[in-house]
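First the structure, in the form of structure tokens, and then the observations on it.
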Amino acid sequence: MVTIVVRDNNVEQGLRVLKRKMQKDGLMRELRMRKFYEKPSEKKKRKMEECIRRTRKNRRKRLSTEGY
């Protein structure tokens, strides 16, 4: 559960903090994903692509730091 404390009746700042926390937790992405039905085959394909993307990113990061 996300809790936001609004100080000095500054609702706009509270909304910004809420959006940032929701995005960091991945809630915004999950809400967008659940908006429409996703077939199991499409879900499997998407998860595989995310895995490949994550692996490539980690490999690039390791290459830049370790050099091999």
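Residue numbering restarts at 1 for every chain of the structure tokens, chains are lettered A, B, ... in their displayed order, and ligands are numbered from 1 as they appear.
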Would you pick out the contacts of Arg34 of chain A at 12 Å or less, using only C-alpha atoms, so that residues sharing its chain but fewer than 6 positions from it are not included, and give the list as an MDAnalysis selection string? chainID A and resid 27:28 43
Generate a file of the selected residues that holds N, CA and C atoms, formatted as a PDB file, in the first residue's frame.
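Result saved to again03.pdb:
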```
ATOM      1  N   LEU A  27       3.309  -0.184 -10.713  1.00  0.00           N
ATOM      2  CA  LEU A  27       1.851  -0.247 -10.734  1.00  0.00           C
ATOM      3  C   LEU A  27       1.261   0.362 -11.997  1.00  0.00           C
ATOM      4  N   MET A  28       1.851   1.456 -12.474  1.00  0.00           N
ATOM      5  CA  MET A  28       1.330   2.104 -13.677  1.00  0.00           C
ATOM      6  C   MET A  28       1.438   1.161 -14.872  1.00  0.00           C
ATOM      7  N   LYS A  43       1.449 -13.141 -24.064  1.00  0.00           N
ATOM      8  CA  LYS A  43       2.083 -12.907 -22.762  1.00  0.00           C
ATOM      9  C   LYS A  43       3.439 -13.607 -22.694  1.00  0.00           C
TER      10      LYS A  43
END
```
Show which residues sit within 10 Å of Thr3 of chain A, as a compact mmCIF listing (two decimals) with C-alpha atoms, in the first residue's frame. Count only C-alpha atoms, and ignore same-chain residues fewer than 5 positions away.
```txt
# COMPACT_ATOMS: atom_id res chain seq x y z
CA VAL A 17 5.14 12.02 -5.32
CA LEU A 18 2.31 9.48 -5.69
CA LYS A 21 6.11 6.00 -6.23
```
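Atom to atom, atom CA of Arg32 of chain A and atom CA of Val6 of chain A stand 26.4 Å apart.
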Backbone-only DSSP, helix (DSSP H, G or I) members of chain A, as a tab-separated table (two decimals) with C-alpha atoms, in the first residue's frame:
```tsv
chain	number	residue	atom	x	y	z
A	11	VAL	CA	-1.90	18.56	-3.31
A	12	GLU	CA	0.01	18.99	-6.58
A	13	GLN	CA	3.29	17.99	-4.98
A	14	GLY	CA	1.53	15.05	-3.31
A	15	LEU	CA	0.25	13.87	-6.70
A	16	ARG	CA	3.74	14.09	-8.19
A	17	VAL	CA	5.14	12.02	-5.32
A	18	LEU	CA	2.31	9.48	-5.69
A	19	LYS	CA	2.89	9.08	-9.43
A	20	ARG	CA	6.63	8.67	-8.91
A	21	LYS	CA	6.11	6.00	-6.23
A	22	MET	CA	3.55	4.14	-8.36
A	23	GLN	CA	5.88	4.17	-11.35
A	24	LYS	CA	8.79	2.95	-9.23
A	25	ASP	CA	6.67	0.06	-7.91
A	27	LEU	CA	1.85	-0.25	-10.73
A	28	MET	CA	1.33	2.10	-13.68
A	29	ARG	CA	2.77	-0.45	-16.08
A	30	GLU	CA	0.64	-3.22	-14.62
A	31	LEU	CA	-2.51	-1.12	-14.89
A	32	ARG	CA	-1.79	-0.44	-18.55
A	33	MET	CA	-1.16	-4.15	-19.14
A	34	ARG	CA	-4.44	-5.19	-17.51
A	40	PRO	CA	-1.36	-16.47	-23.22
A	41	SER	CA	0.83	-16.81	-26.33
A	42	GLU	CA	1.28	-13.01	-26.48
A	43	LYS	CA	2.08	-12.91	-22.76
A	44	LYS	CA	4.72	-15.61	-23.19
A	45	LYS	CA	6.25	-13.76	-26.15
A	46	ARG	CA	6.30	-10.44	-24.26
A	47	LYS	CA	7.93	-11.99	-21.20
A	48	MET	CA	10.59	-13.63	-23.39
A	49	GLU	CA	11.35	-10.31	-25.11
A	50	GLU	CA	11.61	-8.57	-21.72
A	51	CYS	CA	14.01	-11.26	-20.54
A	52	ILE	CA	16.18	-10.85	-23.65
A	53	ARG	CA	16.16	-7.05	-23.26
A	54	ARG	CA	17.11	-7.32	-19.57
A	55	THR	CA	19.90	-9.81	-20.33
A	56	ARG	CA	21.36	-7.61	-23.06
A	57	LYS	CA	21.25	-4.57	-20.76
A	58	ASN	CA	23.04	-6.44	-17.98
A	59	ARG	CA	25.62	-7.74	-20.45
A	60	ARG	CA	26.30	-4.22	-21.76
A	61	LYS	CA	26.62	-2.90	-18.21
A	62	ARG	CA	29.02	-5.68	-17.24
A	63	LEU	CA	31.05	-5.13	-20.41
A	64	SER	CA	31.46	-1.44	-19.64
A	65	THR	CA	32.52	-2.03	-16.03
A	66	GLU	CA	34.63	-5.20	-16.31
```
